[in-house]
Amino acid sequence: MPRVHLINPSTQSFGVAVITPRWLYVLAAATGTRWGDPRIVDETLEPVDLRTIDSGDVVGIGIHTGNARRGYEIGREARKRGAWVSFGGIHATLFPDEAAVHGDAHAVVRGDGDVIWPQVVQDCLAGVPRPIYEGGRIDGDQFASARWDLLPPGRYMWASVQTVRGCPKHCSFCSVWRTDGQEPRQRGVDRVVREVVELRRLGFRFIALADDNFYPVTFADLAQARRRADASRLRELEALRAERFELMTRLAGLPDDLVFYTQITMEAAEDPAFLDAMQRANIRGALVGVESVTAEGLKDVYKGFNLAGDELVARLRAFRRHGIHVLGSFIFGLPSDTKDSFDATVALAERANLTFAQFVLLTPFPGTLDFDKWAADENRRGTMVAGVPITRHWLIPEGRRPKLFTAHPTMSLEEIRLGTQRAWDRFYSWRQVWVRSRVVESIRARIAFMLISKLYRHMYANTGIATDSARVQRSARRARWIGHACRRLFLGKPMPDLAVPGEQLEPTFN
Ligand code: B12
Ligand code: SF4
């Protein structure tokens, strides 16, 4: 019988991974069991063995921009072996034609795969796949729950559960609001809780909430609806907000060794009741997109709702006061950045008590406003790198791909790259990491904290910014080593009998 394969492409394999790629397990649930359990391959763990793909099998490949090139390579190989090849994910949604040309796709799914995927599999197996399937933006209640029973044991530190898709903001460097939409699509509380319980039964204590923005309704949104006397909009927003509180109340009733982490705008700091509810729900960490520490920088990225300077420090500290550790995300290479921005940013990150930080280079990701503007200019200029138009930078072989794409008014690209590397070095120096490790109490926990900080740095920084391939390889090796050493720290004792509060024990997928 033909099989369904789901493949998450990566050029680097670490043997263990930090977070489960959720789409693999969601699509596995959507596949159903008619064709047997799908075979799942996450190349961040180990490379796919193409010999497992037979003629007539269906291969689903999920791509974002960063792994699209590797995904296309797998697509071509799978097709050579006689398989039906389909692509999905944010990058395929934005460039369906590219997946057909470079990845030899028979079919491409745009948007959400949860509902449309079984149709694609069926059409492939009947020999009549359509080139494009519109998965669209499905309602929160239609999001499939993941097939966690298919997870390989002991390989991931964090599982991932989604509670909301879409974000009402419109940051210029981000594609989420354009692909997932600006209307938050919240998933029913019962289904989220059931999935969390299933994961805790399996021994997962750490769960990343793979949300675009966990605080989708702000005080300003509510005030605006009131000002406009828009009663139905106000009711809608209040219902969304109430549902967030309901979710957090339900999470608070689960075993208290669970630790959640989410992504949120710093506006949440305006609302102590929300932060208190997060704390009670054991949401102990949040990625906050700070982006820039100056008002000019925030204007560069259409993020006027963020604050700068001392007010910014106060907002970020509010999270910590409520027991929520912040992973601050900063962008370097903005037009208003100067040579002083790197040190000033690290200093602010330290002053604001951030537990983790990431410093990313401004990258024109497709689907964003920044990309549209930049690509229009570059298309006019006709810039090519390694025979590839720079406006398709993800198709350039990795070693030759530029690290930065936009000329800066006052700094050279190399100055920005080195400044960014310096920021990572400074924030993650052994001394600073030791000082920050005070957030946990025992020596064992402090050592774990230090290893995890270093792991984060090696996985996400050195392998991304460095141009020197020896340094990249060294980082990958260290990440692999630390990853293996750390993974046990994240596992809890399985609790197979844990009940879903208010429900009988039952399987949760679909
Ligand atoms: C959680 C998350 C993370 C987590 C976890 C990543 C992981 N291992 O899963 C962390 C924090 C580690 C992370 C890191 C990064 N991320 Co991220 N992340 C997300 C986020 C918020 C949710 C992803 C998720 O799990 N969604 C839930 C699943 C179910 O949805 P999904 O993946 O979209 O899949 C659905 C459909 O796309 C489709 N689908 C997907 N694959 C396939 C395949 C087939 C065959 C089919 C039919 C359908 C299909 O069906 C699925 C179900 O509906 C997204 C935002 C978003 N809205 O996508 C950003 C996002 C994917 N990340 C992004 C980026 C840029 C990054 C980083 C590069 C950031 C950085 N500078 O370091 C790194 C890269 C890490 C890496 N190498 O993969 C961008 C990607 C932009 C782009 N064009 O590629 C996004 C879109 C956010 C943004 N601001 O624009 N990320
Ligand atoms: S960067 Fe964050 S706040 Fe801005 S649009 Fe994207 S998801 Fe929303």
# chains A, B, ... in the order shown; residues from 1 in each chain; ligands from 1
>>> residues_near_ligand(ligand="ligand 1", cutoff="6 Å", atoms="only C-alpha atoms and all ligand atoms", output="PyMOL selection string")
chain A and resi 19-23+26+60-62+64-66+86-91+109+111-114+117+162+174-176+180+210-212+360+365-366+460
>>> residues_around(residues="region 136-152 of chain A", least_positions_apart="6", cutoff="10 Å", atoms="only C-alpha atoms", output="PyMOL selection string")
chain A and resi 20+22-32+37-40+93+109-116+159-166+179-181+184-189+191-192+194-195+198-199+202+507-510
>>> atom_distance(atom1="CA of Arg417 (chain A)", atom2="CA of Pro364 (chain A)")
15.6 Å
>>> residues_around(residues="region 404-407 of chain A", least_positions_apart="6", cutoff="8 Å", atoms="only C-alpha atoms", output="ChimeraX atom specification")
/A:361-364,374,413,417
>>> closest_atom_pairs(of="chain A", to="ligand 2", cutoff="9 Å", atoms="only C-alpha atoms and all ligand atoms", output="tab-separated table")
residue	atom	partner	partner_atom_place_in_ligand_line	distance
A:Gly166	CA	ligand 2	7 (S)	7.4
A:Cys167	CA	ligand 2	8 (Fe)	4.7
A:Pro168	CA	ligand 2	8 (Fe)	6.4
A:Lys169	CA	ligand 2	5 (S)	4.5
A:His170	CA	ligand 2	5 (S)	4.5
A:Cys171	CA	ligand 2	4 (Fe)	4.3
A:Ser172	CA	ligand 2	5 (S)	7.6
A:Phe173	CA	ligand 2	1 (S)	7.0
A:Cys174	CA	ligand 2	6 (Fe)	4.6
A:Ser175	CA	ligand 2	6 (Fe)	6.5
A:Val176	CA	ligand 2	6 (Fe)	5.2
A:Trp177	CA	ligand 2	5 (S)	5.2
A:Arg178	CA	ligand 2	5 (S)	8.3
A:Gln182	CA	ligand 2	5 (S)	8.2
A:Asp211	CA	ligand 2	7 (S)	8.4
A:Asp212	CA	ligand 2	7 (S)	4.8
A:Asn213	CA	ligand 2	7 (S)	5.7
A:Pro216	CA	ligand 2	8 (Fe)	8.8
A:Gln263	CA	ligand 2	2 (Fe)	7.9
A:Ile264	CA	ligand 2	2 (Fe)	7.2
A:Thr265	CA	ligand 2	3 (S)	5.7
A:Met266	CA	ligand 2	3 (S)	9.0
A:Val288	CA	ligand 2	2 (Fe)	8.2
A:Gly289	CA	ligand 2	2 (Fe)	6.4
A:Glu291	CA	ligand 2	1 (S)	8.8
A:Val301	CA	ligand 2	4 (Fe)	8.9
A:Tyr302	CA	ligand 2	4 (Fe)	8.6
A:Lys303	CA	ligand 2	4 (Fe)	7.2
>>> write_last_selection(atoms="C-alpha atoms", output="PDB file, in the first residue's frame")
ATOM      1  CA  GLY A 166      -3.396  35.733  13.060  1.00  0.00           C
ATOM      2  CA  CYS A 167      -2.247  39.075  14.444  1.00  0.00           C
ATOM      3  CA  PRO A 168      -4.022  42.453  14.294  1.00  0.00           C
ATOM      4  CA  LYS A 169      -0.764  44.428  13.920  1.00  0.00           C
ATOM      5  CA  HIS A 170       1.027  45.233  10.673  1.00  0.00           C
ATOM      6  CA  CYS A 171       4.790  45.288  11.298  1.00  0.00           C
ATOM      7  CA  SER A 172       6.704  45.959   8.103  1.00  0.00           C
ATOM      8  CA  PHE A 173       9.187  43.053   8.451  1.00  0.00           C
ATOM      9  CA  CYS A 174       6.575  40.402   9.263  1.00  0.00           C
ATOM     10  CA  SER A 175       4.362  38.375   6.944  1.00  0.00           C
ATOM     11  CA  VAL A 176       2.086  36.872   9.580  1.00  0.00           C
ATOM     12  CA  TRP A 177      -0.629  39.528   9.397  1.00  0.00           C
ATOM     13  CA  ARG A 178      -0.758  39.166   5.618  1.00  0.00           C
ATOM     14  CA  GLN A 182      -5.273  40.311  11.100  1.00  0.00           C
ATOM     15  CA  ASP A 211       0.958  31.544  18.558  1.00  0.00           C
ATOM     16  CA  ASP A 212       1.464  34.632  16.483  1.00  0.00           C
ATOM     17  CA  ASN A 213       0.377  36.929  19.298  1.00  0.00           C
ATOM     18  CA  PRO A 216      -4.663  39.810  20.424  1.00  0.00           C
ATOM     19  CA  GLN A 263       4.927  35.022  21.789  1.00  0.00           C
ATOM     20  CA  ILE A 264       3.256  38.267  22.730  1.00  0.00           C
ATOM     21  CA  THR A 265       3.395  42.005  22.081  1.00  0.00           C
ATOM     22  CA  MET A 266       4.697  44.160  24.913  1.00  0.00           C
ATOM     23  CA  VAL A 288       8.507  39.882  22.945  1.00  0.00           C
ATOM     24  CA  GLY A 289       9.347  41.637  19.680  1.00  0.00           C
ATOM     25  CA  GLU A 291      12.838  45.243  17.580  1.00  0.00           C
ATOM     26  CA  VAL A 301       9.257  49.006  11.187  1.00  0.00           C
ATOM     27  CA  TYR A 302       5.713  50.409  11.708  1.00  0.00           C
ATOM     28  CA  LYS A 303       5.780  49.358  15.331  1.00  0.00           C
TER      29      LYS A 303
END
>>> select_by_dssp(residues="region 4-60 of chain A", states="strand (DSSP E or B)", output="list in words")
Val4, His5, Leu6, Ile7, Asn8, Ala17, Val18, Ile19, Arg39, Ile40, Val41, Asp42, Val58, Val59 and Gly60 of chain A
>>> residues_around(residues="Met278 (chain A)", least_positions_apart="4", cutoff="10 Å", atoms="only C-alpha atoms", output="number ranges by chain")
A: 244-245, 247-249, 251-252, 260-261, 272-274, 282-285, 319, 322-324
>>> residues_around(residues="Met157 (chain A)", least_positions_apart="4", cutoff="6 Å", atoms="only C-alpha atoms", output="compact mmCIF listing (two decimals) with N, CA, C and O atoms, in the first residue's frame")
# COMPACT_ATOMS: atom_id res chain seq x y z
N VAL A 18 14.98 21.56 19.77
CA VAL A 18 14.39 22.29 20.90
C VAL A 18 12.86 22.16 20.84
O VAL A 18 12.24 21.73 21.81
N ARG A 487 18.73 17.57 27.05
CA ARG A 487 17.34 17.19 26.79
C ARG A 487 16.66 16.53 27.98
O ARG A 487 15.48 16.74 28.23
N PHE A 490 14.55 18.48 30.48
CA PHE A 490 13.21 18.96 30.15
C PHE A 490 12.12 17.91 30.35
O PHE A 490 10.95 18.23 30.33
>>> decode(residues="region 323-404 of chain A", atoms="C-alpha atoms", output="mmCIF file, in the first residue's frame")
data_model
loop_
_atom_site.group_PDB
_atom_site.id
_atom_site.type_symbol
_atom_site.label_atom_id
_atom_site.label_comp_id
_atom_site.auth_asym_id
_atom_site.auth_seq_id
_atom_site.Cartn_x
_atom_site.Cartn_y
_atom_site.Cartn_z
ATOM 1 C CA GLY A 323 7.246 35.855 36.947
ATOM 2 C CA ILE A 324 7.351 35.871 33.133
ATOM 3 C CA HIS A 325 10.825 35.619 31.624
ATOM 4 C CA VAL A 326 11.234 37.648 28.476
ATOM 5 C CA LEU A 327 13.122 36.590 25.376
ATOM 6 C CA GLY A 328 13.573 39.995 23.778
ATOM 7 C CA SER A 329 13.879 40.001 20.010
ATOM 8 C CA PHE A 330 15.851 42.854 18.422
ATOM 9 C CA ILE A 331 16.524 43.743 14.785
ATOM 10 C CA PHE A 332 19.792 45.264 13.590
ATOM 11 C CA GLY A 333 20.331 47.002 10.272
ATOM 12 C CA LEU A 334 17.394 49.417 10.507
ATOM 13 C CA PRO A 335 18.005 52.687 8.630
ATOM 14 C CA SER A 336 18.123 54.664 11.896
ATOM 15 C CA ASP A 337 20.697 52.331 13.521
ATOM 16 C CA THR A 338 24.150 53.760 14.198
ATOM 17 C CA LYS A 339 27.446 52.257 15.340
ATOM 18 C CA ASP A 340 26.286 52.795 18.922
ATOM 19 C CA SER A 341 23.047 50.833 18.492
ATOM 20 C CA PHE A 342 24.618 47.419 19.209
ATOM 21 C CA ASP A 343 26.041 48.247 22.636
ATOM 22 C CA ALA A 344 23.055 50.447 23.530
ATOM 23 C CA THR A 345 20.690 47.572 22.738
ATOM 24 C CA VAL A 346 22.595 45.043 24.845
ATOM 25 C CA ALA A 347 22.774 47.556 27.696
ATOM 26 C CA LEU A 348 19.021 48.049 27.535
ATOM 27 C CA ALA A 349 18.406 44.312 27.394
ATOM 28 C CA GLU A 350 20.431 43.940 30.589
ATOM 29 C CA ARG A 351 18.756 46.916 32.289
ATOM 30 C CA ALA A 352 15.309 45.521 31.405
ATOM 31 C CA ASN A 353 16.125 42.201 33.111
ATOM 32 C CA LEU A 354 15.691 40.144 29.969
ATOM 33 C CA THR A 355 16.385 36.461 30.562
ATOM 34 C CA PHE A 356 17.134 35.721 26.907
ATOM 35 C CA ALA A 357 17.625 37.871 23.833
ATOM 36 C CA GLN A 358 18.014 37.395 20.108
ATOM 37 C CA PHE A 359 19.586 39.874 17.729
ATOM 38 C CA VAL A 360 18.511 39.301 14.148
ATOM 39 C CA LEU A 361 19.595 41.003 10.965
ATOM 40 C CA LEU A 362 16.947 42.899 9.048
ATOM 41 C CA THR A 363 15.940 40.428 6.337
ATOM 42 C CA PRO A 364 13.394 41.100 3.621
ATOM 43 C CA PHE A 365 11.167 38.040 4.108
ATOM 44 C CA PRO A 366 8.693 37.581 1.259
ATOM 45 C CA GLY A 367 5.127 38.526 1.994
ATOM 46 C CA THR A 368 6.243 41.571 3.993
ATOM 47 C CA LEU A 369 5.960 45.282 3.216
ATOM 48 C CA ASP A 370 9.758 45.545 3.513
ATOM 49 C CA PHE A 371 10.166 42.845 0.897
ATOM 50 C CA ASP A 372 7.793 44.501 -1.575
ATOM 51 C CA LYS A 373 9.681 47.796 -1.386
ATOM 52 C CA TRP A 374 13.134 46.218 -1.513
ATOM 53 C CA ALA A 375 12.279 43.758 -4.306
ATOM 54 C CA ALA A 376 10.854 46.523 -6.494
ATOM 55 C CA ASP A 377 14.186 48.394 -6.269
ATOM 56 C CA GLU A 378 16.325 45.305 -6.790
ATOM 57 C CA ASN A 379 14.256 44.105 -9.733
ATOM 58 C CA ARG A 380 14.826 47.485 -11.381
ATOM 59 C CA ARG A 381 18.556 47.110 -10.767
ATOM 60 C CA GLY A 382 18.524 43.452 -11.886
ATOM 61 C CA THR A 383 20.941 42.374 -9.097
ATOM 62 C CA MET A 384 22.078 38.745 -9.396
ATOM 63 C CA VAL A 385 24.122 36.555 -6.982
ATOM 64 C CA ALA A 386 25.483 33.188 -8.167
ATOM 65 C CA GLY A 387 23.203 33.443 -11.200
ATOM 66 C CA VAL A 388 20.074 33.912 -9.043
ATOM 67 C CA PRO A 389 18.116 37.180 -8.817
ATOM 68 C CA ILE A 390 18.763 38.570 -5.342
ATOM 69 C CA THR A 391 15.009 38.999 -4.927
ATOM 70 C CA ARG A 392 14.911 35.173 -4.644
ATOM 71 C CA HIS A 393 17.730 35.151 -2.078
ATOM 72 C CA TRP A 394 16.594 31.826 -0.549
ATOM 73 C CA LEU A 395 17.489 30.082 -3.840
ATOM 74 C CA ILE A 396 21.129 31.209 -3.633
ATOM 75 C CA PRO A 397 23.404 28.372 -2.400
ATOM 76 C CA GLU A 398 23.857 28.822 1.352
ATOM 77 C CA GLY A 399 27.602 29.546 1.318
ATOM 78 C CA ARG A 400 27.143 32.380 -1.189
ATOM 79 C CA ARG A 401 23.934 33.861 0.202
ATOM 80 C CA PRO A 402 24.401 37.429 1.473
ATOM 81 C CA LYS A 403 23.770 37.952 5.196
ATOM 82 C CA LEU A 404 22.324 41.391 4.614
#
